[in-house]
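For reference, model_3.pdb is printed below; it contains PDB, C-alpha atoms.
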```
MODEL        1
ATOM      1  CA  MET G   1     122.936 223.608  61.071
ATOM      2  CA  GLN G   2     126.109 222.439  62.736
ATOM      3  CA  ASN G   3     128.146 219.818  60.944
ATOM      4  CA  ARG G   4     130.755 219.183  63.659
ATOM      5  CA  ASN G   5     130.569 218.318  67.325
ATOM      6  CA  GLU G   6     130.804 221.495  69.374
ATOM      7  CA  LYS G   7     133.469 219.904  71.573
ATOM      8  CA  GLU G   8     135.599 218.737  68.669
ATOM      9  CA  VAL G   9     139.030 220.350  68.729
ATOM     10  CA  VAL G  10     140.335 222.069  65.607
ATOM     11  CA  ARG G  11     144.101 222.555  65.355
ATOM     12  CA  LEU G  12     145.267 225.661  63.522
ATOM     13  CA  ASP G  13     148.928 225.633  62.500
ATOM     14  CA  LEU G  14     150.416 229.111  62.601
ATOM     15  CA  THR G  15     152.616 230.635  59.921
ATOM     16  CA  ARG G  16     155.976 231.946  61.077
ATOM     17  CA  GLU G  17     154.655 235.494  60.999
ATOM     18  CA  GLN G  18     151.662 234.468  63.094
ATOM     19  CA  GLN G  19     153.950 232.674  65.559
ATOM     20  CA  GLU G  20     155.877 235.921  65.895
ATOM     21  CA  GLN G  21     152.656 237.858  66.442
ATOM     22  CA  VAL G  22     151.612 235.449  69.189
ATOM     23  CA  LYS G  23     155.067 235.717  70.725
ATOM     24  CA  ARG G  24     154.956 239.481  70.681
ATOM     25  CA  ALA G  25     151.448 239.603  72.099
ATOM     26  CA  THR G  26     151.792 236.963  74.804
ATOM     27  CA  GLY G  27     155.500 236.242  75.214
ATOM     28  CA  ARG G  28     154.757 232.556  74.618
ATOM     29  CA  ASP G  29     156.011 230.217  71.924
ATOM     30  CA  SER G  30     153.324 228.472  69.931
ATOM     31  CA  VAL G  31     153.269 226.631  66.631
ATOM     32  CA  ALA G  32     149.518 226.038  66.605
ATOM     33  CA  LEU G  33     146.225 227.039  68.186
ATOM     34  CA  GLU G  34     143.743 224.412  69.327
ATOM     35  CA  LEU G  35     140.135 225.517  69.696
ATOM     36  CA  THR G  36     136.824 223.714  70.019
ATOM     37  CA  VAL G  37     134.373 224.313  67.220
ATOM     38  CA  THR G  38     132.381 226.587  69.501
ATOM     39  CA  GLU G  39     135.449 228.617  70.453
ATOM     40  CA  LEU G  40     136.449 228.813  66.814
ATOM     41  CA  GLU G  41     133.049 230.162  65.799
ATOM     42  CA  GLU G  42     133.317 232.816  68.481
ATOM     43  CA  ARG G  43     136.763 233.882  67.416
ATOM     44  CA  ILE G  44     136.615 233.830  63.634
ATOM     45  CA  ALA G  45     138.221 237.091  62.634
ATOM     46  CA  PRO G  46     141.105 236.491  60.262
ATOM     47  CA  MET G  47     143.041 239.633  61.131
ATOM     48  CA  SER G  48     146.361 240.152  62.843
ATOM     49  CA  VAL G  49     146.209 240.669  66.608
ATOM     50  CA  ASP G  50     146.128 244.449  66.160
ATOM     51  CA  GLY G  51     143.373 244.402  63.533
ATOM     52  CA  ARG G  52     145.686 244.854  60.543
ATOM     53  CA  LEU G  53     146.787 242.471  57.836
ATOM     54  CA  ALA G  54     149.989 240.606  58.630
ATOM     55  CA  SER G  55     153.019 241.286  56.450
ATOM     56  CA  ASN G  56     155.980 239.126  55.501
ATOM     57  CA  HIS G  57     159.702 239.698  56.008
ATOM     58  CA  ASN G  58     162.190 239.780  53.161
ATOM     59  CA  GLU G  59     165.245 238.043  54.580
ATOM     60  CA  THR G  60     168.543 237.943  52.740
ATOM     61  CA  MET G  61     170.024 234.463  52.402
ATOM     62  CA  LEU G  62     173.536 234.434  51.013
ATOM     63  CA  VAL G  63     174.459 232.024  48.232
ATOM     64  CA  ASP G  64     178.028 230.781  47.810
ATOM     65  CA  ARG G  65     178.736 231.148  44.099
TER      66      ARG G  65
ATOM     67  CA  MET Q   1     125.382 253.767  65.811
ATOM     68  CA  ASP Q   2     128.290 251.792  64.418
ATOM     69  CA  ALA Q   3     131.633 253.055  65.743
ATOM     70  CA  ASP Q   4     133.522 251.539  62.806
ATOM     71  CA  PRO Q   5     133.482 253.955  59.843
ATOM     72  CA  ARG Q   6     133.691 251.101  57.374
ATOM     73  CA  ASP Q   7     130.353 249.984  56.079
ATOM     74  CA  ALA Q   8     129.294 246.356  56.311
ATOM     75  CA  ARG Q   9     130.465 245.558  52.771
ATOM     76  CA  SER Q  10     133.909 246.977  53.440
ATOM     77  CA  ARG Q  11     134.232 245.101  56.718
ATOM     78  CA  GLU Q  12     133.278 241.836  55.052
ATOM     79  CA  ALA Q  13     135.746 242.525  52.239
ATOM     80  CA  LEU Q  14     138.487 243.217  54.783
ATOM     81  CA  ARG Q  15     137.679 239.983  56.609
ATOM     82  CA  LEU Q  16     137.885 237.979  53.398
ATOM     83  CA  ALA Q  17     141.054 239.794  52.305
ATOM     84  CA  ALA Q  18     142.650 238.996  55.666
ATOM     85  CA  ALA Q  19     141.850 235.304  55.206
ATOM     86  CA  LEU Q  20     143.295 235.339  51.673
ATOM     87  CA  ASN Q  21     146.376 237.210  52.953
ATOM     88  CA  ALA Q  22     146.924 234.656  55.730
ATOM     89  CA  ARG Q  23     146.804 231.857  53.165
ATOM     90  CA  GLY Q  24     149.190 233.830  50.963
ATOM     91  CA  LEU Q  25     151.704 234.133  53.803
ATOM     92  CA  ARG Q  26     151.591 230.391  54.318
ATOM     93  CA  CYS Q  27     152.096 229.788  50.593
ATOM     94  CA  LYS Q  28     155.189 232.005  50.663
ATOM     95  CA  ASP Q  29     156.603 230.095  53.639
ATOM     96  CA  GLU Q  30     156.076 226.864  51.723
ATOM     97  CA  ALA Q  31     157.553 228.265  48.476
ATOM     98  CA  ARG Q  32     154.225 227.962  46.625
ATOM     99  CA  TYR Q  33     154.790 231.329  45.043
ATOM    100  CA  ASP Q  34     152.251 231.323  42.177
ATOM    101  CA  GLU Q  35     149.492 230.337  44.566
ATOM    102  CA  GLY Q  36     150.541 232.962  47.088
ATOM    103  CA  ARG Q  37     150.628 235.705  44.495
ATOM    104  CA  ALA Q  38     147.166 234.777  43.210
ATOM    105  CA  LEU Q  39     145.757 234.933  46.746
ATOM    106  CA  TYR Q  40     147.294 238.360  47.392
ATOM    107  CA  GLU Q  41     146.030 239.645  44.043
ATOM    108  CA  ARG Q  42     142.495 238.478  44.848
ATOM    109  CA  ALA Q  43     142.666 240.238  48.197
ATOM    110  CA  LEU Q  44     144.064 243.365  46.570
ATOM    111  CA  ALA Q  45     141.314 243.549  43.942
ATOM    112  CA  LEU Q  46     138.731 243.116  46.670
ATOM    113  CA  LEU Q  47     140.130 245.876  48.856
ATOM    114  CA  GLU Q  48     140.926 248.363  46.117
ATOM    115  CA  ASP Q  49     137.288 248.067  45.102
ATOM    116  CA  THR Q  50     135.817 248.448  48.581
ATOM    117  CA  ALA Q  51     138.314 250.245  50.829
ATOM    118  CA  GLY Q  52     139.956 252.261  48.065
ATOM    119  CA  PRO Q  53     143.524 252.330  46.758
ATOM    120  CA  HIS Q  54     145.011 254.199  49.735
ATOM    121  CA  ASP Q  55     143.992 251.872  52.558
ATOM    122  CA  ASP Q  56     146.596 250.555  55.019
ATOM    123  CA  ALA Q  57     145.631 246.967  54.136
ATOM    124  CA  VAL Q  58     146.259 247.721  50.441
ATOM    125  CA  ALA Q  59     149.786 248.851  51.390
ATOM    126  CA  THR Q  60     150.351 245.542  53.198
ATOM    127  CA  LEU Q  61     149.210 243.528  50.204
ATOM    128  CA  TYR Q  62     151.675 245.362  47.924
ATOM    129  CA  HIS Q  63     154.363 244.716  50.561
ATOM    130  CA  ASN Q  64     153.499 241.004  50.513
ATOM    131  CA  LEU Q  65     153.316 240.808  46.708
ATOM    132  CA  ALA Q  66     156.805 242.313  46.627
ATOM    133  CA  GLY Q  67     157.809 239.631  49.137
ATOM    134  CA  ILE Q  68     156.816 236.890  46.710
ATOM    135  CA  ALA Q  69     158.939 238.458  43.969
ATOM    136  CA  HIS Q  70     161.835 238.893  46.427
ATOM    137  CA  ALA Q  71     161.629 235.233  47.448
ATOM    138  CA  ARG Q  72     161.886 234.292  43.784
ATOM    139  CA  GLY Q  73     164.902 236.525  43.311
ATOM    140  CA  ASP Q  74     162.965 238.732  40.873
ATOM    141  CA  TYR Q  75     164.110 241.994  42.441
ATOM    142  CA  ALA Q  76     163.250 244.142  39.415
ATOM    143  CA  ALA Q  77     159.609 243.070  39.687
ATOM    144  CA  ALA Q  78     159.659 243.411  43.470
ATOM    145  CA  GLU Q  79     160.884 247.024  43.634
ATOM    146  CA  PRO Q  80     157.841 248.848  42.159
ATOM    147  CA  LEU Q  81     155.478 246.751  44.271
ATOM    148  CA  ALA Q  82     157.413 247.498  47.449
ATOM    149  CA  ARG Q  83     157.646 251.212  46.613
ATOM    150  CA  ARG Q  84     153.915 251.390  45.916
ATOM    151  CA  GLY Q  85     153.128 249.778  49.281
ATOM    152  CA  LEU Q  86     155.529 252.110  51.087
ATOM    153  CA  ASP Q  87     154.081 255.166  49.330
ATOM    154  CA  ILE Q  88     150.508 254.222  50.287
ATOM    155  CA  ARG Q  89     151.588 253.555  53.886
ATOM    156  CA  ARG Q  90     153.404 256.876  54.247
ATOM    157  CA  ARG Q  91     150.370 258.775  52.930
ATOM    158  CA  ALA Q  92     147.880 256.998  55.183
ATOM    159  CA  ASP Q  93     146.475 259.303  57.863
ATOM    160  CA  ASP Q  94     146.859 256.740  60.638
ATOM    161  CA  HIS Q  95     150.162 255.175  59.584
ATOM    162  CA  ARG Q  96     152.453 253.916  62.318
ATOM    163  CA  PRO Q  97     156.213 254.484  62.170
ATOM    164  CA  GLY Q  98     156.843 250.784  62.832
ATOM    165  CA  ASP Q  99     154.806 249.763  59.782
ATOM    166  CA  VAL Q 100     156.660 252.245  57.570
ATOM    167  CA  ALA Q 101     159.981 250.983  58.936
ATOM    168  CA  ALA Q 102     158.959 247.376  58.198
ATOM    169  CA  ASP Q 103     158.147 248.400  54.618
ATOM    170  CA  GLU Q 104     161.531 250.133  54.392
ATOM    171  CA  ILE Q 105     163.380 247.007  55.544
ATOM    172  CA  ALA Q 106     161.522 244.940  52.958
ATOM    173  CA  LEU Q 107     162.405 247.452  50.230
ATOM    174  CA  ALA Q 108     166.023 247.562  51.432
ATOM    175  CA  ALA Q 109     166.317 243.790  50.952
ATOM    176  CA  ILE Q 110     165.109 244.200  47.375
ATOM    177  CA  LEU Q 111     167.571 247.038  46.672
ATOM    178  CA  ASP Q 112     170.328 244.873  48.165
ATOM    179  CA  GLY Q 113     169.378 242.173  45.669
ATOM    180  CA  LEU Q 114     169.694 244.765  42.903
ATOM    181  CA  GLY Q 115     173.202 245.662  44.108
ATOM    182  CA  ARG Q 116     172.191 249.143  45.338
ATOM    183  CA  TYR Q 117     173.979 248.727  48.643
ATOM    184  CA  ASP Q 118     174.238 252.356  49.756
ATOM    185  CA  GLU Q 119     170.532 253.024  49.299
ATOM    186  CA  SER Q 120     169.723 249.755  50.991
ATOM    187  CA  GLU Q 121     171.985 250.444  53.968
ATOM    188  CA  ARG Q 122     170.418 253.878  54.554
ATOM    189  CA  LEU Q 123     166.969 252.295  54.736
ATOM    190  CA  TYR Q 124     168.131 249.551  57.142
ATOM    191  CA  LEU Q 125     169.783 252.028  59.465
ATOM    192  CA  GLY Q 126     166.780 254.372  59.449
ATOM    193  CA  ALA Q 127     164.373 251.518  60.181
ATOM    194  CA  LEU Q 128     166.604 250.218  62.973
ATOM    195  CA  ARG Q 129     166.505 253.638  64.640
ATOM    196  CA  VAL Q 130     162.694 253.442  64.638
ATOM    197  CA  PHE Q 131     162.601 249.884  65.965
ATOM    198  CA  GLU Q 132     165.157 250.551  68.681
ATOM    199  CA  ARG Q 133     162.608 252.868  70.337
ATOM    200  CA  ALA Q 134     160.425 249.830  71.053
ATOM    201  CA  ARG Q 135     163.058 247.141  71.042
ATOM    202  CA  ARG Q 136     161.100 244.337  72.667
ATOM    203  CA  ARG Q 137     157.972 244.738  70.528
ATOM    204  CA  HIS Q 138     160.013 244.924  67.341
ATOM    205  CA  ALA Q 139     162.568 242.219  68.131
ATOM    206  CA  PRO Q 140     161.656 240.125  65.041
ATOM    207  CA  GLU Q 141     162.044 243.131  62.727
ATOM    208  CA  ILE Q 142     165.333 244.124  64.387
ATOM    209  CA  ALA Q 143     166.628 240.583  63.870
ATOM    210  CA  VAL Q 144     165.698 240.673  60.178
ATOM    211  CA  ALA Q 145     167.386 244.065  59.740
ATOM    212  CA  LEU Q 146     170.571 242.865  61.478
ATOM    213  CA  ASN Q 147     170.631 239.712  59.344
ATOM    214  CA  ASN Q 148     170.119 241.641  56.131
ATOM    215  CA  LEU Q 149     172.611 244.344  57.044
ATOM    216  CA  GLY Q 150     175.146 241.645  57.911
ATOM    217  CA  ALA Q 151     174.572 239.986  54.551
ATOM    218  CA  LEU Q 152     174.987 243.349  52.826
ATOM    219  CA  HIS Q 153     178.376 243.905  54.492
ATOM    220  CA  ALA Q 154     179.386 240.371  53.518
ATOM    221  CA  ARG Q 155     178.646 241.179  49.888
ATOM    222  CA  ARG Q 156     180.732 244.326  50.206
ATOM    223  CA  GLY Q 157     183.570 242.254  51.646
ATOM    224  CA  ASP Q 158     183.491 243.815  55.140
ATOM    225  CA  LEU Q 159     183.568 240.415  56.816
ATOM    226  CA  ASP Q 160     184.309 241.506  60.397
ATOM    227  CA  ARG Q 161     181.354 243.864  60.456
ATOM    228  CA  ALA Q 162     179.189 241.233  58.757
ATOM    229  CA  ALA Q 163     180.076 238.625  61.372
ATOM    230  CA  ASP Q 164     179.294 241.001  64.241
ATOM    231  CA  LEU Q 165     175.848 241.862  62.856
ATOM    232  CA  LEU Q 166     175.026 238.246  62.047
ATOM    233  CA  ASP Q 167     176.101 237.080  65.508
ATOM    234  CA  ARG Q 168     173.711 239.635  67.021
ATOM    235  CA  ALA Q 169     170.930 238.594  64.642
ATOM    236  CA  VAL Q 170     171.221 234.892  65.403
ATOM    237  CA  ALA Q 171     171.283 235.492  69.170
ATOM    238  CA  LEU Q 172     168.160 237.656  68.960
ATOM    239  CA  LYS Q 173     166.362 235.157  66.740
ATOM    240  CA  ARG Q 174     167.176 232.242  69.041
ATOM    241  CA  ARG Q 175     165.874 234.230  71.990
ATOM    242  CA  THR Q 176     162.643 235.394  70.339
ATOM    243  CA  LEU Q 177     161.810 232.578  67.894
ATOM    244  CA  GLY Q 178     163.473 229.540  69.482
ATOM    245  CA  PRO Q 179     166.590 227.642  68.321
ATOM    246  CA  ASP Q 180     164.872 225.514  65.674
ATOM    247  CA  HIS Q 181     163.062 228.248  63.772
ATOM    248  CA  PRO Q 182     163.924 228.377  60.043
ATOM    249  CA  ASP Q 183     164.657 232.120  60.297
ATOM    250  CA  VAL Q 184     167.494 231.161  62.669
ATOM    251  CA  ALA Q 185     168.806 228.846  59.971
ATOM    252  CA  VAL Q 186     168.830 231.691  57.411
ATOM    253  CA  THR Q 187     171.254 233.620  59.606
ATOM    254  CA  LEU Q 188     173.326 230.518  60.438
ATOM    255  CA  ASN Q 189     173.715 229.971  56.691
ATOM    256  CA  ASN Q 190     174.910 233.568  56.254
ATOM    257  CA  LEU Q 191     177.255 233.304  59.206
ATOM    258  CA  ALA Q 192     178.675 230.075  57.773
ATOM    259  CA  LEU Q 193     179.462 231.759  54.470
ATOM    260  CA  VAL Q 194     181.151 234.663  56.261
ATOM    261  CA  SER Q 195     183.153 232.200  58.401
ATOM    262  CA  LYS Q 196     184.288 230.388  55.274
ATOM    263  CA  ARG Q 197     185.403 233.627  53.623
ATOM    264  CA  ARG Q 198     187.317 234.533  56.766
ATOM    265  CA  GLY Q 199     189.148 231.218  56.427
ATOM    266  CA  ASP Q 200     187.439 229.405  59.282
ATOM    267  CA  GLN Q 201     186.319 226.325  57.370
ATOM    268  CA  ALA Q 202     185.685 224.277  60.503
ATOM    269  CA  ARG Q 203     183.211 226.784  61.953
ATOM    270  CA  ALA Q 204     181.570 227.195  58.554
ATOM    271  CA  ALA Q 205     180.990 223.453  58.271
ATOM    272  CA  VAL Q 206     179.402 223.302  61.737
ATOM    273  CA  LEU Q 207     177.133 226.280  61.035
ATOM    274  CA  TYR Q 208     176.058 224.939  57.647
ATOM    275  CA  ALA Q 209     175.266 221.552  59.161
ATOM    276  CA  GLU Q 210     173.073 223.178  61.790
ATOM    277  CA  ALA Q 211     171.301 225.339  59.197
ATOM    278  CA  VAL Q 212     170.606 222.377  56.912
ATOM    279  CA  ALA Q 213     169.265 220.297  59.814
ATOM    280  CA  ILE Q 214     166.866 223.066  60.877
ATOM    281  CA  PHE Q 215     165.654 223.675  57.327
ATOM    282  CA  GLU Q 216     165.142 219.975  56.636
ATOM    283  CA  HIS Q 217     163.131 219.524  59.816
ATOM    284  CA  ALA Q 218     161.068 222.721  59.520
ATOM    285  CA  LEU Q 219     160.585 223.100  55.773
ATOM    286  CA  GLY Q 220     161.390 219.698  54.284
ATOM    287  CA  PRO Q 221     164.272 218.387  52.170
ATOM    288  CA  ASP Q 222     163.134 219.974  48.896
ATOM    289  CA  HIS Q 223     162.350 223.519  50.029
ATOM    290  CA  PRO Q 224     164.456 226.133  48.172
ATOM    291  CA  LYS Q 225     166.086 227.306  51.421
ATOM    292  CA  THR Q 226     167.084 223.740  52.309
ATOM    293  CA  LEU Q 227     168.529 223.255  48.837
ATOM    294  CA  THR Q 228     170.465 226.536  48.964
ATOM    295  CA  ALA Q 229     171.965 225.789  52.389
ATOM    296  CA  ARG Q 230     172.859 222.251  51.340
ATOM    297  CA  ASP Q 231     174.513 223.494  48.151
ATOM    298  CA  ASN Q 232     176.424 226.147  50.106
ATOM    299  CA  ALA Q 233     177.561 223.448  52.552
ATOM    300  CA  SER Q 234     178.790 221.250  49.715
ATOM    301  CA  ARG Q 235     181.148 224.056  48.644
ATOM    302  CA  CYS Q 236     182.694 224.116  52.078
ATOM    303  CA  ALA Q 237     185.891 222.093  52.391
ATOM    304  CA  LYS Q 238     185.456 219.001  54.510
ATOM    305  CA  PRO Q 239     187.566 219.004  57.678
ATOM    306  CA  ARG Q 240     190.656 216.849  57.169
ATOM    307  CA  ALA Q 241     190.609 213.513  58.956
ATOM    308  CA  GLU Q 242     193.232 213.115  61.673
ATOM    309  CA  SER Q 243     196.062 210.914  60.452
TER     310      SER Q 243
ENDMDL
END
```
Could you write out this structure as structure tokens?
Amino acid sequence: MQNRNEKEVVRLDLTREQQEQVKRATGRDSVALELTVTELEERIAPMSVDGRLASNHNETMLVDR
Amino acid sequence: MDADPRDARSREALRLAAALNARGLRCKDEARYDEGRALYERALALLEDTAGPHDDAVATLYHNLAGIAHARGDYAAAEPLARRGLDIRRRADDHRPGDVAADEIALAAILDGLGRYDESERLYLGALRVFERARRRHAPEIAVALNNLGALHARRGDLDRAADLLDRAVALKRRTLGPDHPDVAVTLNNLALVSKRRGDQARAAVLYAEAVAIFEHALGPDHPKTLTARDNASRCAKPRAES
């Protein structure tokens, strides 16, 4: 059973790490992916672009004490 | 015959763990640390049960759990998690040098927080040597290492070296992430503090203002990074009005 129209567009906001992965893979800047429900069903695979889990960065932010 | 050595249960567990991990990363970005940690821990339990304790994905989840503790400033809790992830990664048969180097940078940031600057610096420099071999692919990691190394030198009081590294980091981040990315604002904040300590109050005020504006737009007015940058800015002397 399909609950949503196949042509309906789903917007997926990307985390900063995912934006970086997209940038590295394609060279393009993107803050979100927009897919139809059909495209989404075909692409569901919540892995990083190279098939591994994505990891975070530990950035140092200085505090003026 | 299935080319993937993982059985169906393991593949499904990995898929679910990846979804939980992705949600955990978002929670960290949004400073929802308890929620992020719980998601990572669920993913970890799932994978340790199915893929085993030495899987590459298990290493990443320890790395990310350490990241939550780092973001909270709980460096003592972060260190064993980061070391466990790094140890698993190094032992993995198919580990990639870039992944190990990324773990080392994350651990270095934690050691920096603990005041162990020499150990931290060695890890940054070693990781940078690895990343420099594939500079374009690893530009985000190089930018993080330059930022963190710059911050480390600022803490040591080597302000000229700090400024040079932070200038390079902010240029690389602007080029690879865009000018309005919150990671750019992290480095602008650090550069502002270094400028202030070098006596350049005017430049510090400009840099802080830019950092606060980026954070407010990207993360909201109440995010911890916005609050930190705003508080730092408030300690910066206001430029004197022309009389």
_With the PyMOL selection byres ((chain Q and resi 102-107) around 10) as the selection, what would be picked from this file? Answer as a ChimeraX atom specification, please._
/G:55-60 /Q:59-60,62-64,66-67,70,75,78-83,85-87,89-90,97-101,108-113,119-128,130-131,138,141-142,144-145,148-149
*asked:* I'd like to know which of G:Ala25, G:Met61, G:Leu53, G:Val31 is closest to Ala43 (chain Q), using only C-alpha atoms.
replied: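 Looking at the shortest contact to Ala43 (chain Q), the residue is G:Leu53.
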*Could you state which residues are captured by the PyMOL selection byres ((chain G) within 9 of (chain Q)) in this file, as a VMD selection string?*
chain G and resid 14 to 20 23 to 25 27 29 45 to 48 52 to 65
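The coordinates place CA of Ala202 (chain Q) at 8.4 Å from CA of Ala237 (chain Q).
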_My list of candidates is Q:Val184, Q:Ala92, Q:Ala76, Q:Thr50. Which is closest to Leu166 (chain Q) when distances are computed with only C-alpha atoms?_
Q:Val184
*Atom-to-atom span, CA of Ala205 (chain Q) and CA of Asp167 (chain Q), Å*: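 Computing the Euclidean distance for CA of Ala205 (chain Q) and CA of Asp167 (chain Q) yields 16.2 Å.
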*By how many Å are CA of Glu210 (chain Q) and CA of Asp180 (chain Q) apart?*
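According to the coordinates, CA of Glu210 (chain Q) and CA of Asp180 (chain Q) are separated by 9.4 Å.
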